[in-house]
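Encoded as structure tokens, the structure appears first; notes follow it.
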Amino acid sequence: MRNCHWFRVLVFLLGSWLLDSPSAMGQQAIVTLPSADLTDKGTLFAMNESQLRAWGREPMWNATFFLTYGLGYHTELAATFYNIGVPPTGQASLSLGSKSVVPLFADRLPWLDLKFTGGLNGLISLEAKGLGYWIYSHLSFRLPKLQTRLTAGLSHGSEVLFLKPNATSFITAIEQPIPWLHGLTLTAEWFSGSHDLSNFIVGAAYHPSPRVILVLGYKIPTKDRIFTVAEQALVFEIGLYSKEPAHPTYQ
């Protein structure tokens, strides 16, 4: 835990500094990996994520429910219920925290859309397994003309969520808007490591209207480096905004 002390301090200091900055907006997660976008100030965003496996000896449904509120100052607040499932996961937890995003060199290099993202979450086990935390940070930018967003950073968390003490990951993602299919973005993301969130997920996000987002993906666990079909799952998400975003990211 000591070797990640500097990372926790960095996120805390940056989070404190962000409260002196103006506001931003956007979309909250790529699939499970936090995105470089935010909820508009004064807007609520609710989403359900369902992971479904109907094949093999152990069919399952595992759900995540989360709610965000745009605070302004480049920051959103979030409450998330993890690992609500059938059969019961025995690992259900509640997360309370925030995510902040700061545009970098917006005046000098606006075409790069370079952003720093940092998040800090406290975790409460709903199975009487104690308290925990999750912190993450990443940089992202867009390729000119193609508008591809590339993301890379670090994640560190406790056993309450990751089912492994001191779980550290390299995190990375790619998002590719499809301009001739309005509202559609192809996505891929990866958490490295050997914990419960160590997955490669490929999929697509679609906005049928400005206030609705639908996500379809396929999860391949990578923690054991043995990509067995029995542990893979479909991922479905539906999200709703309380009001239309001021600057939709899918335009």
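All residue names refer to the structure tokens as shown: chains lettered A, B, ... in order, residues numbered from 1 in each chain, ligands numbered from 1 in order.
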
#### Entry: Close residues, Val102 in chain A itself excluded, 8 Å, only C-alpha atoms, min 6 positions apart in chain, as a PyMOL selection string
chain A and resi 18+74+115-117

For the residues in the current selection, export N, CA, C and O atoms as a compact mmCIF listing (two decimals), in the first residue's frame.
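Heads up, here's the output in result-v3.txt:
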# COMPACT_ATOMS: atom_id res chain seq x y z
N LEU A 18 -9.08 21.31 -8.49
CA LEU A 18 -10.12 21.39 -9.50
C LEU A 18 -11.33 22.20 -9.04
O LEU A 18 -12.07 22.74 -9.86
N HIS A 74 -15.55 21.44 -13.21
CA HIS A 74 -14.92 20.28 -13.83
C HIS A 74 -15.15 18.99 -13.05
O HIS A 74 -14.34 18.06 -13.14
N LYS A 115 -7.01 15.89 -22.16
CA LYS A 115 -7.69 15.99 -20.87
C LYS A 115 -6.98 15.13 -19.82
O LYS A 115 -6.52 14.02 -20.11
N PHE A 116 -6.95 15.67 -18.60
CA PHE A 116 -6.52 14.89 -17.45
C PHE A 116 -7.76 14.52 -16.64
O PHE A 116 -8.59 15.38 -16.32
N THR A 117 -7.89 13.24 -16.29
CA THR A 117 -9.04 12.75 -15.53
C THR A 117 -8.56 12.10 -14.23
O THR A 117 -7.60 11.31 -14.26

### Message
Which of range 87-216 of chain A end up as alpha helix (DSSP H) when DSSP is run on this backbone - answer as a list of chain:residue names?
### Response
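Of range 87-216 of chain A, only A:Glu159, A:Val160, A:Leu161, A:Phe162 fall in alpha helix (DSSP H).
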
### Message
Let me make sure I understand: among A:Lys99, A:Ser158, A:Gln91, A:Leu33, which one has the smallest atom-to-atom distance to Gly72 in chain A if we use only C-alpha atoms?
### Response
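For Gly72 in chain A, the nearest of the candidates is A:Lys99.
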
Hey, what does DSSP flag as strand (DSSP E or B) within range 106-194 of chain A? Can you give it to me as a compact mmCIF listing (two decimals) with all heavy atoms, in the first residue's frame?
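What follows is the written file part.txt:
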# COMPACT_ATOMS: atom_id res chain seq x y z
N LEU A 114 -6.92 17.46 -25.32
CA LEU A 114 -6.16 16.76 -24.28
C LEU A 114 -6.81 16.99 -22.92
O LEU A 114 -7.15 18.11 -22.56
CB LEU A 114 -4.72 17.28 -24.26
CG LEU A 114 -3.76 16.66 -23.25
CD1 LEU A 114 -3.55 15.18 -23.54
CD2 LEU A 114 -2.43 17.42 -23.26
N LYS A 115 -7.01 15.89 -22.16
CA LYS A 115 -7.69 15.99 -20.87
C LYS A 115 -6.98 15.13 -19.82
O LYS A 115 -6.52 14.02 -20.11
CB LYS A 115 -9.15 15.51 -20.98
CG LYS A 115 -10.01 16.38 -21.89
CD LYS A 115 -11.43 15.85 -21.94
CE LYS A 115 -12.32 16.69 -22.84
NZ LYS A 115 -13.72 16.17 -22.87
N PHE A 116 -6.95 15.67 -18.60
CA PHE A 116 -6.52 14.89 -17.45
C PHE A 116 -7.76 14.52 -16.64
O PHE A 116 -8.59 15.38 -16.32
CB PHE A 116 -5.57 15.68 -16.55
CG PHE A 116 -5.30 15.00 -15.23
CD1 PHE A 116 -4.33 14.03 -15.13
CD2 PHE A 116 -6.04 15.34 -14.10
CE1 PHE A 116 -4.09 13.39 -13.93
CE2 PHE A 116 -5.80 14.71 -12.89
CZ PHE A 116 -4.83 13.73 -12.80
N THR A 117 -7.89 13.24 -16.29
CA THR A 117 -9.04 12.75 -15.53
C THR A 117 -8.56 12.10 -14.23
O THR A 117 -7.60 11.31 -14.26
CB THR A 117 -9.83 11.71 -16.35
OG1 THR A 117 -10.30 12.33 -17.55
CG2 THR A 117 -11.02 11.18 -15.56
N GLY A 118 -9.21 12.43 -13.13
CA GLY A 118 -8.89 11.82 -11.85
C GLY A 118 -10.14 11.53 -11.05
O GLY A 118 -11.09 12.31 -11.08
N GLY A 119 -10.18 10.39 -10.38
CA GLY A 119 -11.34 10.03 -9.59
C GLY A 119 -10.94 9.43 -8.25
O GLY A 119 -9.89 8.79 -8.13
N LEU A 120 -11.78 9.66 -7.24
CA LEU A 120 -11.56 9.13 -5.90
C LEU A 120 -12.89 8.64 -5.36
O LEU A 120 -13.87 9.39 -5.34
CB LEU A 120 -10.98 10.20 -4.99
CG LEU A 120 -10.82 9.85 -3.51
CD1 LEU A 120 -9.85 8.70 -3.33
CD2 LEU A 120 -10.35 11.08 -2.73
N ASN A 121 -12.95 7.37 -4.94
CA ASN A 121 -14.19 6.76 -4.46
C ASN A 121 -13.96 6.00 -3.16
O ASN A 121 -13.00 5.23 -3.04
CB ASN A 121 -14.75 5.78 -5.51
CG ASN A 121 -15.07 6.44 -6.82
OD1 ASN A 121 -16.14 7.00 -7.01
ND2 ASN A 121 -14.12 6.39 -7.75
N GLY A 122 -14.86 6.23 -2.20
CA GLY A 122 -14.88 5.42 -0.99
C GLY A 122 -15.86 4.28 -1.16
O GLY A 122 -16.93 4.46 -1.77
N LEU A 123 -15.52 3.09 -0.66
CA LEU A 123 -16.34 1.90 -0.85
C LEU A 123 -16.84 1.37 0.49
O LEU A 123 -16.10 1.35 1.48
CB LEU A 123 -15.53 0.80 -1.55
CG LEU A 123 -15.09 1.11 -2.99
CD1 LEU A 123 -14.00 0.15 -3.41
CD2 LEU A 123 -16.27 1.02 -3.94
N ILE A 124 -18.09 0.93 0.51
CA ILE A 124 -18.69 0.32 1.69
C ILE A 124 -19.22 -1.04 1.27
O ILE A 124 -20.09 -1.14 0.40
CB ILE A 124 -19.85 1.18 2.23
CG1 ILE A 124 -19.39 2.61 2.52
CG2 ILE A 124 -20.45 0.54 3.48
CD1 ILE A 124 -20.53 3.57 2.79
N SER A 125 -18.71 -2.11 1.86
CA SER A 125 -19.20 -3.45 1.56
C SER A 125 -20.63 -3.60 2.09
O SER A 125 -20.91 -3.27 3.25
CB SER A 125 -18.30 -4.52 2.17
OG SER A 125 -18.90 -5.79 2.02
N LEU A 131 -14.58 -1.52 4.71
CA LEU A 131 -14.49 -0.34 3.87
C LEU A 131 -13.34 -0.48 2.89
O LEU A 131 -12.43 -1.29 3.08
CB LEU A 131 -14.29 0.90 4.74
CG LEU A 131 -15.33 1.16 5.83
CD1 LEU A 131 -14.94 2.40 6.65
CD2 LEU A 131 -16.72 1.32 5.24
N GLY A 132 -13.40 0.33 1.84
CA GLY A 132 -12.32 0.30 0.85
C GLY A 132 -12.28 1.58 0.06
O GLY A 132 -12.91 2.59 0.41
N TYR A 133 -11.55 1.57 -1.05
CA TYR A 133 -11.37 2.76 -1.87
C TYR A 133 -11.03 2.35 -3.30
O TYR A 133 -10.62 1.21 -3.57
CB TYR A 133 -10.23 3.64 -1.30
CG TYR A 133 -8.89 2.94 -1.33
CD1 TYR A 133 -8.03 3.05 -2.41
CD2 TYR A 133 -8.50 2.13 -0.26
CE1 TYR A 133 -6.82 2.39 -2.45
CE2 TYR A 133 -7.30 1.46 -0.27
CZ TYR A 133 -6.46 1.59 -1.38
OH TYR A 133 -5.26 0.91 -1.41
N TRP A 134 -11.21 3.29 -4.21
CA TRP A 134 -10.75 3.15 -5.60
C TRP A 134 -10.32 4.52 -6.08
O TRP A 134 -11.09 5.48 -5.98
CB TRP A 134 -11.87 2.59 -6.48
CG TRP A 134 -11.48 2.47 -7.93
CD1 TRP A 134 -10.24 2.27 -8.45
CD2 TRP A 134 -12.36 2.52 -9.07
NE1 TRP A 134 -10.26 2.20 -9.81
CE2 TRP A 134 -11.56 2.34 -10.22
CE3 TRP A 134 -13.74 2.69 -9.21
CZ2 TRP A 134 -12.11 2.34 -11.51
CZ3 TRP A 134 -14.27 2.68 -10.49
CH2 TRP A 134 -13.47 2.51 -11.63
N ILE A 135 -9.11 4.62 -6.58
CA ILE A 135 -8.61 5.85 -7.18
C ILE A 135 -8.08 5.55 -8.58
O ILE A 135 -7.60 4.44 -8.84
CB ILE A 135 -7.51 6.51 -6.33
CG1 ILE A 135 -6.38 5.53 -6.06
CG2 ILE A 135 -8.06 7.05 -5.02
CD1 ILE A 135 -5.22 6.13 -5.31
N TYR A 136 -8.21 6.50 -9.47
CA TYR A 136 -7.73 6.31 -10.84
C TYR A 136 -7.36 7.66 -11.44
O TYR A 136 -7.81 8.72 -10.98
CB TYR A 136 -8.79 5.62 -11.71
CG TYR A 136 -10.10 6.36 -11.76
CD1 TYR A 136 -10.32 7.39 -12.67
CD2 TYR A 136 -11.15 6.02 -10.90
CE1 TYR A 136 -11.52 8.07 -12.71
CE2 TYR A 136 -12.35 6.69 -10.93
CZ TYR A 136 -12.54 7.72 -11.84
OH TYR A 136 -13.73 8.40 -11.86
N SER A 137 -6.54 7.60 -12.47
CA SER A 137 -6.12 8.81 -13.16
C SER A 137 -5.68 8.43 -14.57
O SER A 137 -5.04 7.39 -14.76
CB SER A 137 -4.96 9.46 -12.40
OG SER A 137 -4.50 10.61 -13.08
N HIS A 138 -6.04 9.26 -15.55
CA HIS A 138 -5.56 9.00 -16.91
C HIS A 138 -5.51 10.27 -17.74
O HIS A 138 -6.12 11.29 -17.41
CB HIS A 138 -6.38 7.91 -17.61
CG HIS A 138 -7.85 8.18 -17.77
ND1 HIS A 138 -8.35 9.22 -18.52
CD2 HIS A 138 -8.94 7.50 -17.31
CE1 HIS A 138 -9.67 9.18 -18.52
NE2 HIS A 138 -10.06 8.14 -17.77
N LEU A 139 -4.74 10.19 -18.82
CA LEU A 139 -4.68 11.24 -19.83
C LEU A 139 -5.34 10.71 -21.10
O LEU A 139 -5.24 9.51 -21.41
CB LEU A 139 -3.23 11.63 -20.14
CG LEU A 139 -2.50 12.46 -19.09
CD1 LEU A 139 -1.03 12.59 -19.48
CD2 LEU A 139 -3.13 13.85 -18.96
N SER A 140 -5.98 11.62 -21.85
CA SER A 140 -6.59 11.21 -23.11
C SER A 140 -6.51 12.35 -24.11
O SER A 140 -6.39 13.52 -23.74
CB SER A 140 -8.05 10.79 -22.91
OG SER A 140 -8.82 11.89 -22.51
N PHE A 141 -6.56 11.98 -25.39
CA PHE A 141 -6.53 12.99 -26.46
C PHE A 141 -7.18 12.40 -27.70
O PHE A 141 -7.40 11.19 -27.80
CB PHE A 141 -5.09 13.41 -26.77
CG PHE A 141 -4.23 12.32 -27.38
CD1 PHE A 141 -4.11 12.20 -28.75
CD2 PHE A 141 -3.59 11.39 -26.56
CE1 PHE A 141 -3.33 11.18 -29.31
CE2 PHE A 141 -2.82 10.38 -27.10
CZ PHE A 141 -2.69 10.28 -28.48
N ARG A 142 -7.48 13.28 -28.65
CA ARG A 142 -8.10 12.86 -29.91
C ARG A 142 -7.11 12.98 -31.07
O ARG A 142 -6.32 13.93 -31.11
CB ARG A 142 -9.34 13.70 -30.22
CG ARG A 142 -10.52 13.41 -29.32
CD ARG A 142 -11.79 14.03 -29.87
NE ARG A 142 -12.91 13.85 -28.97
CZ ARG A 142 -13.68 12.77 -28.93
NH1 ARG A 142 -13.43 11.76 -29.77
NH2 ARG A 142 -14.69 12.68 -28.08
N ARG A 149 -10.45 8.95 -29.86
CA ARG A 149 -9.93 9.29 -28.52
C ARG A 149 -9.16 8.11 -27.97
O ARG A 149 -9.66 7.00 -27.89
CB ARG A 149 -11.07 9.66 -27.56
CG ARG A 149 -10.54 9.96 -26.14
CD ARG A 149 -11.57 10.60 -25.25
NE ARG A 149 -11.85 11.97 -25.63
CZ ARG A 149 -11.07 13.02 -25.34
NH1 ARG A 149 -9.94 12.85 -24.66
NH2 ARG A 149 -11.41 14.22 -25.73
N LEU A 150 -7.90 8.40 -27.56
CA LEU A 150 -7.02 7.41 -26.95
C LEU A 150 -6.83 7.78 -25.48
O LEU A 150 -6.60 8.95 -25.15
CB LEU A 150 -5.68 7.37 -27.67
CG LEU A 150 -5.74 7.06 -29.17
CD1 LEU A 150 -4.35 7.16 -29.79
CD2 LEU A 150 -6.34 5.69 -29.42
N THR A 151 -6.90 6.78 -24.60
CA THR A 151 -6.83 6.99 -23.16
C THR A 151 -5.85 6.02 -22.54
O THR A 151 -5.81 4.84 -22.92
CB THR A 151 -8.22 6.78 -22.52
OG1 THR A 151 -9.14 7.71 -23.06
CG2 THR A 151 -8.16 6.94 -21.01
N ALA A 152 -5.04 6.50 -21.57
CA ALA A 152 -4.13 5.62 -20.85
C ALA A 152 -3.87 6.19 -19.46
O ALA A 152 -3.76 7.41 -19.30
CB ALA A 152 -2.81 5.46 -21.60
N GLY A 153 -3.79 5.31 -18.45
CA GLY A 153 -3.55 5.78 -17.10
C GLY A 153 -3.39 4.65 -16.11
O GLY A 153 -3.03 3.52 -16.48
N LEU A 154 -3.66 4.93 -14.82
CA LEU A 154 -3.48 3.98 -13.73
C LEU A 154 -4.73 3.90 -12.87
O LEU A 154 -5.46 4.89 -12.72
CB LEU A 154 -2.29 4.38 -12.86
CG LEU A 154 -0.90 4.35 -13.48
CD1 LEU A 154 0.11 4.97 -12.51
CD2 LEU A 154 -0.50 2.93 -13.84
N SER A 155 -4.96 2.73 -12.29
CA SER A 155 -6.05 2.50 -11.36
C SER A 155 -5.50 1.74 -10.15
O SER A 155 -4.63 0.87 -10.29
CB SER A 155 -7.15 1.67 -12.04
OG SER A 155 -8.04 1.10 -11.09
N HIS A 156 -6.00 2.08 -8.95
CA HIS A 156 -5.58 1.37 -7.75
C HIS A 156 -6.76 1.29 -6.79
O HIS A 156 -7.47 2.28 -6.57
CB HIS A 156 -4.42 2.10 -7.07
CG HIS A 156 -3.92 1.41 -5.83
ND1 HIS A 156 -3.14 0.28 -5.88
CD2 HIS A 156 -4.11 1.68 -4.52
CE1 HIS A 156 -2.86 -0.11 -4.65
NE2 HIS A 156 -3.44 0.72 -3.80
N GLY A 157 -7.01 0.10 -6.24
CA GLY A 157 -8.15 -0.05 -5.36
C GLY A 157 -8.00 -1.20 -4.39
O GLY A 157 -7.02 -1.96 -4.44
N ALA A 167 -5.04 -3.76 -5.52
CA ALA A 167 -5.14 -4.10 -6.94
C ALA A 167 -4.75 -2.88 -7.79
O ALA A 167 -5.44 -1.86 -7.78
CB ALA A 167 -6.55 -4.54 -7.28
N THR A 168 -3.66 -2.99 -8.49
CA THR A 168 -3.16 -1.91 -9.34
C THR A 168 -3.25 -2.32 -10.80
O THR A 168 -2.90 -3.45 -11.15
CB THR A 168 -1.71 -1.54 -8.98
OG1 THR A 168 -1.66 -1.13 -7.62
CG2 THR A 168 -1.19 -0.40 -9.86
N SER A 169 -3.69 -1.41 -11.67
CA SER A 169 -3.85 -1.71 -13.09
C SER A 169 -3.32 -0.58 -13.95
O SER A 169 -3.43 0.60 -13.59
CB SER A 169 -5.33 -1.90 -13.46
OG SER A 169 -5.86 -3.06 -12.93
N PHE A 170 -2.79 -0.94 -15.09
CA PHE A 170 -2.68 -0.03 -16.22
C PHE A 170 -4.04 -0.05 -16.91
O PHE A 170 -4.62 -1.12 -17.13
CB PHE A 170 -1.59 -0.49 -17.17
CG PHE A 170 -1.57 0.26 -18.49
CD1 PHE A 170 -1.14 1.57 -18.55
CD2 PHE A 170 -2.00 -0.37 -19.65
CE1 PHE A 170 -1.13 2.25 -19.76
CE2 PHE A 170 -1.99 0.30 -20.86
CZ PHE A 170 -1.55 1.62 -20.91
N ILE A 171 -4.60 1.12 -17.22
CA ILE A 171 -5.90 1.18 -17.89
C ILE A 171 -5.75 1.91 -19.22
O ILE A 171 -5.00 2.90 -19.32
CB ILE A 171 -6.96 1.87 -17.01
CG1 ILE A 171 -6.49 3.24 -16.51
CG2 ILE A 171 -7.34 0.97 -15.85
CD1 ILE A 171 -7.53 3.99 -15.69
N THR A 172 -6.42 1.43 -20.22
CA THR A 172 -6.33 2.04 -21.54
C THR A 172 -7.63 1.82 -22.31
O THR A 172 -8.37 0.86 -22.03
CB THR A 172 -5.14 1.48 -22.33
OG1 THR A 172 -4.98 2.21 -23.55
CG2 THR A 172 -5.32 0.01 -22.64
N ALA A 173 -7.90 2.71 -23.25
CA ALA A 173 -9.14 2.61 -24.03
C ALA A 173 -8.99 3.34 -25.35
O ALA A 173 -8.13 4.22 -25.51
CB ALA A 173 -10.32 3.18 -23.25
N ILE A 174 -9.85 2.98 -26.29
CA ILE A 174 -9.96 3.67 -27.57
C ILE A 174 -11.44 3.86 -27.88
O ILE A 174 -12.25 2.96 -27.65
CB ILE A 174 -9.24 2.88 -28.69
CG1 ILE A 174 -9.34 3.64 -30.02
CG2 ILE A 174 -9.79 1.46 -28.82
CD1 ILE A 174 -8.46 3.03 -31.11
N GLU A 175 -11.79 5.05 -28.35
CA GLU A 175 -13.16 5.38 -28.74
C GLU A 175 -13.14 5.96 -30.14
O GLU A 175 -12.45 6.94 -30.40
CB GLU A 175 -13.76 6.39 -27.76
CG GLU A 175 -13.79 5.92 -26.32
CD GLU A 175 -14.08 7.05 -25.36
OE1 GLU A 175 -15.25 7.45 -25.25
OE2 GLU A 175 -13.11 7.56 -24.75
N GLN A 176 -13.90 5.36 -31.04
CA GLN A 176 -13.91 5.79 -32.44
C GLN A 176 -15.32 6.16 -32.89
O GLN A 176 -16.15 5.29 -33.15
CB GLN A 176 -13.36 4.68 -33.35
CG GLN A 176 -13.36 5.04 -34.83
CD GLN A 176 -12.55 6.29 -35.12
OE1 GLN A 176 -11.35 6.30 -34.88
NE2 GLN A 176 -13.18 7.35 -35.62
N PRO A 177 -15.63 7.47 -32.97
CA PRO A 177 -16.94 7.88 -33.51
C PRO A 177 -17.06 7.46 -34.98
O PRO A 177 -16.08 7.49 -35.73
CB PRO A 177 -16.91 9.41 -33.37
CG PRO A 177 -15.80 9.70 -32.40
CD PRO A 177 -14.80 8.61 -32.57
N LEU A 184 -23.15 6.95 -33.04
CA LEU A 184 -22.52 5.66 -32.79
C LEU A 184 -21.02 5.81 -32.58
O LEU A 184 -20.34 6.50 -33.35
CB LEU A 184 -22.77 4.71 -33.97
CG LEU A 184 -22.17 3.30 -33.83
CD1 LEU A 184 -22.85 2.54 -32.71
CD2 LEU A 184 -22.29 2.55 -35.15
N THR A 185 -20.50 5.15 -31.53
CA THR A 185 -19.07 5.15 -31.24
C THR A 185 -18.64 3.72 -30.94
O THR A 185 -19.24 3.05 -30.10
CB THR A 185 -18.74 6.04 -30.03
OG1 THR A 185 -19.13 7.38 -30.30
CG2 THR A 185 -17.24 6.01 -29.72
N LEU A 186 -17.60 3.25 -31.63
CA LEU A 186 -17.02 1.94 -31.34
C LEU A 186 -16.00 2.10 -30.21
O LEU A 186 -15.27 3.09 -30.16
CB LEU A 186 -16.34 1.36 -32.59
CG LEU A 186 -17.24 1.19 -33.81
CD1 LEU A 186 -16.44 0.58 -34.96
CD2 LEU A 186 -18.47 0.35 -33.50
N THR A 187 -15.95 1.12 -29.30
CA THR A 187 -15.10 1.25 -28.12
C THR A 187 -14.35 -0.04 -27.82
O THR A 187 -14.78 -1.13 -28.18
CB THR A 187 -15.93 1.62 -26.87
OG1 THR A 187 -16.81 0.54 -26.55
CG2 THR A 187 -16.73 2.88 -27.10
N ALA A 188 -13.21 0.11 -27.13
CA ALA A 188 -12.47 -1.02 -26.58
C ALA A 188 -11.72 -0.51 -25.35
O ALA A 188 -11.20 0.61 -25.37
CB ALA A 188 -11.50 -1.62 -27.59
N GLU A 189 -11.69 -1.31 -24.29
CA GLU A 189 -11.02 -0.89 -23.06
C GLU A 189 -10.38 -2.08 -22.38
O GLU A 189 -10.78 -3.23 -22.61
CB GLU A 189 -12.01 -0.22 -22.11
CG GLU A 189 -13.08 -1.16 -21.59
CD GLU A 189 -14.01 -0.52 -20.57
OE1 GLU A 189 -14.54 0.57 -20.86
OE2 GLU A 189 -14.22 -1.11 -19.51
N TRP A 190 -9.39 -1.80 -21.49
CA TRP A 190 -8.69 -2.89 -20.81
C TRP A 190 -8.18 -2.44 -19.46
O TRP A 190 -7.57 -1.38 -19.33
CB TRP A 190 -7.52 -3.37 -21.66
CG TRP A 190 -6.72 -4.49 -21.04
CD1 TRP A 190 -7.20 -5.65 -20.51
CD2 TRP A 190 -5.30 -4.55 -20.88
NE1 TRP A 190 -6.17 -6.43 -20.04
CE2 TRP A 190 -4.98 -5.78 -20.25
CE3 TRP A 190 -4.27 -3.67 -21.24
CZ2 TRP A 190 -3.68 -6.16 -19.96
CZ3 TRP A 190 -2.96 -4.05 -20.95
CH2 TRP A 190 -2.68 -5.29 -20.31
N PHE A 191 -8.47 -3.24 -18.42
CA PHE A 191 -7.83 -3.16 -17.11
C PHE A 191 -6.81 -4.29 -17.06
O PHE A 191 -7.18 -5.46 -17.17
CB PHE A 191 -8.84 -3.39 -15.98
CG PHE A 191 -9.64 -2.18 -15.57
CD1 PHE A 191 -10.69 -1.73 -16.35
CD2 PHE A 191 -9.35 -1.52 -14.38
CE1 PHE A 191 -11.45 -0.64 -15.95
CE2 PHE A 191 -10.10 -0.43 -13.97
CZ PHE A 191 -11.14 0.02 -14.77

### Message
From the options A:Gly239, A:Pro210, A:Pro110, A:Pro245, which residue's atoms come nearest to Leu38 in chain A, counting only C-alpha atoms?
### Response
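Distance minimum relative to Leu38 in chain A lands on A:Pro245.
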
### Task
Find the spatial neighbours of Tyr206 in chain A, counting only C-alpha atoms, within a cut-off of 6 Å - ignore same-chain residues fewer than 4 positions away - and output them as number ranges by chain.
A: 183-184, 213-214

### Task
Check the smallest atom-to-atom distance from each of A:Ala205, A:Leu161, A:Val101, A:Val212 to Glu76 in chain A using only C-alpha atoms, then report the winner.
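Using only C-alpha atoms, the shortest distance to Glu76 in chain A belongs to A:Val101.
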
#### Entry: Coordinates-based distance that separates CA of Ser209 in chain A from CA of Leu181 in chain A (Å, one decimal)
13.0 Å

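Pairwise distance (CA of Ala79 in chain A, CA of Glu159 in chain A) equals 18.4 Å.
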
### Task
Considering only C-alpha atoms, return as a PyMOL selection string whatever protein or nucleic-acid residues lie within 8 Å of Asn62 in chain A, sequence-local ones (same chain, fewer than 4 positions apart) excluded.
chain A and resi 50-52+83-86+89

### Task
Tell me which of A:Lys243, A:Lys219, A:Lys129, A:His207 sits closest to Ala46 in chain A, counting only C-alpha atoms.
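Closest candidate: A:Lys243.
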
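Between CA of Trp61 in chain A and CA of Phe200 in chain A the interatomic distance comes to 18.3 Å.
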
### Query
Which residues come within 10 Å of Trp111 in chain A, counting only C-alpha atoms, excluding same-chain residues fewer than 2 positions away, as an MDAnalysis selection string?
chainID A and resid 105:109 113:114 141:145 147

Suppose we keep C-alpha atoms; can you now write the selection as an mmCIF file, in the first residue's frame?
data_model
loop_
_atom_site.group_PDB
_atom_site.id
_atom_site.type_symbol
_atom_site.label_atom_id
_atom_site.label_comp_id
_atom_site.auth_asym_id
_atom_site.auth_seq_id
_atom_site.Cartn_x
_atom_site.Cartn_y
_atom_site.Cartn_z
ATOM 1 C CA PHE A 105 -3.657 23.340 -23.537
ATOM 2 C CA ALA A 106 -7.192 24.109 -24.725
ATOM 3 C CA ASP A 107 -6.115 27.511 -26.098
ATOM 4 C CA ARG A 108 -2.884 26.379 -27.774
ATOM 5 C CA LEU A 109 -3.912 22.930 -29.005
ATOM 6 C CA ASP A 113 -8.719 17.793 -26.915
ATOM 7 C CA LEU A 114 -6.163 16.762 -24.279
ATOM 8 C CA PHE A 141 -6.526 12.987 -26.459
ATOM 9 C CA ARG A 142 -8.102 12.859 -29.908
ATOM 10 C CA LEU A 143 -6.397 12.127 -33.200
ATOM 11 C CA PRO A 144 -6.979 14.953 -35.699
ATOM 12 C CA LYS A 145 -9.515 14.360 -38.479
ATOM 13 C CA GLN A 147 -11.520 12.110 -33.919
#
